[in-house]
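Source file: protein-v9.csv. Holds: CSV, C-alpha atoms.
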```csv
chain,number,residue,atom,x,y,z
H,1,GLY,CA,22.4,-10.0,-9.1
H,2,VAL,CA,21.9,-10.2,-5.4
H,3,GLU,CA,21.8,-14.0,-5.5
H,4,ALA,CA,25.1,-14.1,-7.4
H,5,LEU,CA,26.7,-11.6,-5.0
H,6,VAL,CA,25.8,-13.8,-2.0
H,7,ARG,CA,26.9,-17.0,-3.7
H,8,GLU,CA,30.2,-15.5,-4.7
H,9,THR,CA,30.8,-14.2,-1.2
H,10,VAL,CA,30.1,-17.6,0.4
H,11,ASP,CA,32.2,-19.4,-2.2
H,12,ARG,CA,35.1,-17.0,-1.6
H,13,HIS,CA,35.0,-16.8,2.2
H,14,GLY,CA,33.2,-20.0,3.2
H,15,SER,CA,30.5,-18.3,5.2
H,16,LEU,CA,28.5,-15.1,5.5
H,17,ASP,CA,28.8,-13.5,9.0
H,18,VAL,CA,27.7,-9.9,8.4
H,19,VAL,CA,25.4,-8.3,5.8
H,20,PHE,CA,24.9,-4.5,5.6
H,21,SER,CA,22.1,-3.5,3.3
H,22,ASN,CA,23.0,0.1,2.8
H,23,ALA,CA,21.6,1.1,-0.7
H,24,GLY,CA,19.2,4.0,-0.8
H,25,ILE,CA,17.8,6.7,-3.1
H,26,MET,CA,15.7,9.8,-2.6
H,27,ARG,CA,13.0,11.3,-4.7
H,28,ASP,CA,11.2,14.5,-3.7
H,29,GLY,CA,7.4,15.0,-3.8
H,30,SER,CA,4.2,14.6,-2.0
H,31,VAL,CA,1.9,11.7,-3.0
H,32,VAL,CA,0.2,14.1,-5.4
H,33,ASP,CA,3.4,15.3,-7.0
H,34,LEU,CA,5.5,12.1,-7.0
H,35,PRO,CA,5.5,10.3,-10.3
H,36,GLU,CA,4.5,6.6,-9.9
H,37,ASP,CA,7.8,5.5,-11.5
H,38,ASP,CA,9.6,7.4,-8.7
H,39,TRP,CA,7.4,5.7,-6.1
H,40,ASP,CA,8.3,2.3,-7.6
H,41,ALA,CA,12.0,3.1,-7.8
H,42,LEU,CA,12.0,4.2,-4.1
H,43,PHE,CA,10.5,0.9,-3.0
H,44,ALA,CA,12.7,-1.2,-5.4
H,45,VAL,CA,15.9,0.2,-3.9
H,46,ASN,CA,15.0,1.2,-0.4
H,47,VAL,CA,12.9,-1.9,0.5
H,48,LYS,CA,13.1,-4.6,-2.1
H,49,GLY,CA,16.9,-4.5,-2.0
H,50,SER,CA,17.0,-5.4,1.6
H,51,PHE,CA,14.2,-8.0,1.0
H,52,LEU,CA,16.3,-9.7,-1.7
H,53,LEU,CA,19.5,-9.6,0.3
H,54,GLY,CA,17.7,-11.2,3.2
H,55,LYS,CA,16.1,-13.8,1.0
H,56,HIS,CA,19.4,-15.0,-0.4
H,57,ALA,CA,21.8,-14.2,2.6
H,58,ILE,CA,19.8,-15.3,5.6
H,59,PRO,CA,19.7,-19.0,4.7
H,60,HIS,CA,23.6,-19.1,4.7
H,61,MET,CA,23.6,-17.3,8.1
H,62,SER,CA,20.9,-19.7,9.5
H,63,ALA,CA,23.0,-22.7,8.4
H,64,THR,CA,25.8,-21.6,10.7
H,65,GLY,CA,23.5,-20.5,13.5
H,66,SER,CA,24.8,-17.0,13.6
H,67,GLY,CA,25.1,-13.7,11.7
H,68,SER,CA,24.3,-10.0,11.8
H,69,PHE,CA,22.1,-8.5,9.2
H,70,ILE,CA,22.0,-4.7,9.2
H,71,ILE,CA,19.6,-2.4,7.2
H,72,THR,CA,19.9,1.3,6.7
H,73,ALA,CA,16.5,2.8,7.5
H,74,SER,CA,16.3,6.5,8.4
H,75,ALA,CA,15.3,9.1,11.0
H,76,ASN,CA,12.4,9.4,8.6
H,77,SER,CA,11.3,5.9,9.7
H,78,PHE,CA,10.0,7.8,12.8
H,79,TYR,CA,9.7,11.4,11.7
H,80,ALA,CA,8.0,12.4,8.5
H,81,GLU,CA,9.0,15.5,6.5
H,82,SER,CA,7.1,17.4,3.8
H,83,ASP,CA,7.6,16.7,0.1
H,84,ILE,CA,9.3,13.3,0.6
H,85,ALA,CA,6.3,11.0,1.1
H,86,GLY,CA,7.7,8.1,-0.8
H,87,TYR,CA,11.1,8.2,0.9
H,88,CYS,CA,9.4,8.3,4.4
H,89,ALA,CA,7.1,5.4,3.4
H,90,THR,CA,10.1,3.3,2.3
H,91,LYS,CA,12.1,4.0,5.4
H,92,GLY,CA,9.2,3.1,7.7
H,93,ALA,CA,8.9,-0.1,5.7
H,94,ALA,CA,12.6,-0.8,6.1
H,95,MET,CA,12.3,-0.5,9.9
H,96,GLN,CA,9.3,-2.8,10.0
H,97,LEU,CA,11.1,-5.3,7.7
H,98,THR,CA,14.0,-5.2,10.2
H,99,ARG,CA,11.7,-6.2,13.0
H,100,ALA,CA,9.9,-8.9,11.1
H,101,MET,CA,13.2,-10.4,10.0
H,102,ALA,CA,14.5,-10.3,13.6
H,103,ILE,CA,11.4,-12.2,14.8
H,104,ASP,CA,11.5,-14.7,12.0
H,105,HIS,CA,15.2,-15.5,12.1
H,106,GLY,CA,16.2,-14.8,15.7
H,107,PRO,CA,15.6,-18.5,16.6
H,108,GLU,CA,18.1,-19.4,13.9
H,109,GLY,CA,20.8,-17.3,15.5
H,110,VAL,CA,20.5,-14.4,13.0
H,111,ARG,CA,20.3,-10.9,14.5
H,112,VAL,CA,18.7,-8.2,12.4
H,113,ASN,CA,18.9,-4.5,13.3
H,114,CYS,CA,18.6,-1.2,11.5
H,115,ILE,CA,20.4,2.1,11.6
H,116,CYS,CA,18.3,5.3,11.3
H,117,PRO,CA,20.6,8.1,10.2
H,118,GLY,CA,19.5,11.8,10.3
H,119,TRP,CA,21.3,14.4,8.3
H,120,ILE,CA,24.6,12.7,7.3
H,121,GLU,CA,26.9,14.5,4.9
H,122,THR,CA,26.8,12.2,1.9
H,123,ALA,CA,26.4,12.4,-1.9
H,124,MET,CA,22.6,11.9,-1.4
H,125,SER,CA,22.2,14.8,1.1
H,126,GLN,CA,24.6,17.2,-0.8
H,127,PRO,CA,22.1,18.7,-3.1
H,128,PHE,CA,19.9,19.8,-0.2
H,129,LEU,CA,22.9,21.0,1.9
H,130,ASP,CA,24.2,23.1,-1.1
H,131,GLU,CA,20.9,24.4,-2.5
H,132,ASN,CA,21.0,27.6,-0.5
H,133,PRO,CA,23.1,29.1,2.3
H,134,ASP,CA,20.6,28.4,5.0
H,135,SER,CA,20.2,24.7,4.2
H,136,ARG,CA,23.5,23.6,5.8
H,137,ALA,CA,22.9,25.7,8.9
H,138,PHE,CA,19.3,24.4,9.2
H,139,ALA,CA,20.4,20.7,9.0
H,140,GLY,CA,22.9,21.3,11.8
H,141,ARG,CA,20.3,23.2,13.9
H,142,ILE,CA,17.6,20.5,13.9
H,143,ALA,CA,19.8,18.1,15.9
H,144,PRO,CA,20.4,18.9,19.5
H,145,SER,CA,24.1,17.9,18.9
H,146,GLY,CA,24.3,21.0,16.7
H,147,ARG,CA,26.0,19.4,13.7
H,148,ILE,CA,25.5,17.4,10.6
H,149,GLY,CA,26.5,13.8,10.9
H,150,GLN,CA,29.5,12.3,9.1
H,151,PRO,CA,29.6,8.8,7.5
H,152,GLU,CA,31.9,7.7,10.2
H,153,ASP,CA,29.1,8.3,12.8
H,154,VAL,CA,27.0,5.7,11.0
H,155,ALA,CA,30.0,3.3,10.4
H,156,GLU,CA,30.7,3.1,14.2
H,157,VAL,CA,27.2,1.9,14.9
H,158,ALA,CA,27.4,-0.6,12.0
H,159,LEU,CA,30.6,-1.9,13.4
H,160,PHE,CA,29.0,-2.4,16.8
H,161,LEU,CA,26.0,-4.2,15.3
H,162,ALA,CA,28.3,-6.4,13.3
H,163,SER,CA,30.4,-7.3,16.3
H,164,ASP,CA,29.8,-9.8,19.1
H,165,GLU,CA,29.5,-6.8,21.5
H,166,SER,CA,25.9,-6.6,20.2
H,167,ARG,CA,25.2,-10.4,20.6
H,168,PHE,CA,21.9,-9.8,22.5
H,169,VAL,CA,20.7,-7.0,20.2
H,170,THR,CA,18.1,-7.8,17.6
H,171,GLY,CA,15.0,-6.1,16.2
H,172,ALA,CA,16.4,-2.7,17.2
H,173,ALA,CA,16.4,0.6,15.4
H,174,TYR,CA,19.5,2.8,16.3
H,175,ASN,CA,19.0,6.5,15.7
H,176,VAL,CA,22.2,8.1,14.5
H,177,ASP,CA,20.8,11.6,14.1
H,178,GLY,CA,22.4,13.8,16.7
H,179,GLY,CA,19.2,13.7,18.7
H,180,TRP,CA,16.9,15.0,15.9
H,181,THR,CA,14.2,12.4,16.5
H,182,ALA,CA,14.3,13.0,20.3
H,183,GLY,CA,12.3,16.2,19.8
H,184,MET,CA,12.5,19.8,18.9
H,185,THR,CA,14.6,22.4,20.8
H,186,LYS,CA,13.0,25.6,21.9
H,187,ALA,CA,15.4,27.6,19.6
H,188,LEU,CA,14.3,25.6,16.6
H,189,ALA,CA,10.6,26.0,17.5
H,190,LEU,CA,11.0,29.8,17.5
H,191,ILE,CA,12.5,29.9,14.0
```

Spell out the structure here as structure tokens.
Amino acid sequence: GVEALVRETVDRHGSLDVVFSNAGIMRDGSVVDLPEDDWDALFAVNVKGSFLLGKHAIPHMSATGSGSFIITASANSFYAESDIAGYCATKGAAMQLTRAMAIDHGPEGVRVNCICPGWIETAMSQPFLDENPDSRAFAGRIAPSGRIGQPEDVAEVALFLASDESRFVTGAAYNVDGGWTAGMTKALALI
């Protein structure tokens, strides 16, 4: 399916300038609790999806000597949380895949970067945010910015990475997390 998607895009538009690998899923559980099928599903979507997209898209970008390939990783690429071991592992892998692809394909003119969102109000985060009254307040408190991110916050960084304004940026991980991964505020530490 990925190969057909890339081929159809190139056939329709003549080239491939920007790819945003933004698929992701979440499954809860420690390594003891997480079913093996969920572990495999996490890696299939969160890591293999970007691998396959790169495998089929980068040759088209390399052929033109330019292109921006963007991967959605996560704040959990840097910062582990309890009960989401598989998710954390896949997002760490996504960040390292970004770096490896940047090294391998930078000489061909292809830039590869990742975006590492924190709590963003999306369909994937909605169950946690809605599960109890304190969840939403907590998600806003963990970021020094004091709020939950919006999809537009991530989109602006993706637009920058897709543009020529980031022409000298590759192998980078952009935290879009309101400062969450910068560290813990004293107020949060006292909770």

Would you mind telling me which residue in H:Ser166, H:Tyr79, H:Asn46, H:Ala123 lies nearest to Thr181 in chain H when using only C-alpha atoms?
H:Tyr79

Dig up all the protein and nucleic acid residues within 12 Å of (12.6, 2.1, -3.3) in the file frame, using only C-alpha atoms, and format them as a PyMOL selection string.
chain H and resi 23-27+36-51+73+85-94

Which of these residues is nearest to Val6 in chain H, using only C-alpha atoms: H:Pro59, H:Thr98, H:Thr72, H:Pro35?
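Looking at the shortest contact to Val6 in chain H, the residue is H:Pro59.
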
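Each of H:Ile120, H:Ile71, H:Ala173, H:Met95 was checked against Ser21 in chain H using all atoms listed in the file; the smallest atom-to-atom distance is that of H:Ile71.
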
For CA of Arg111 in chain H and CA of Leu52 in chain H, quote the distance in Å rounded to one decimal.
16.7 Å
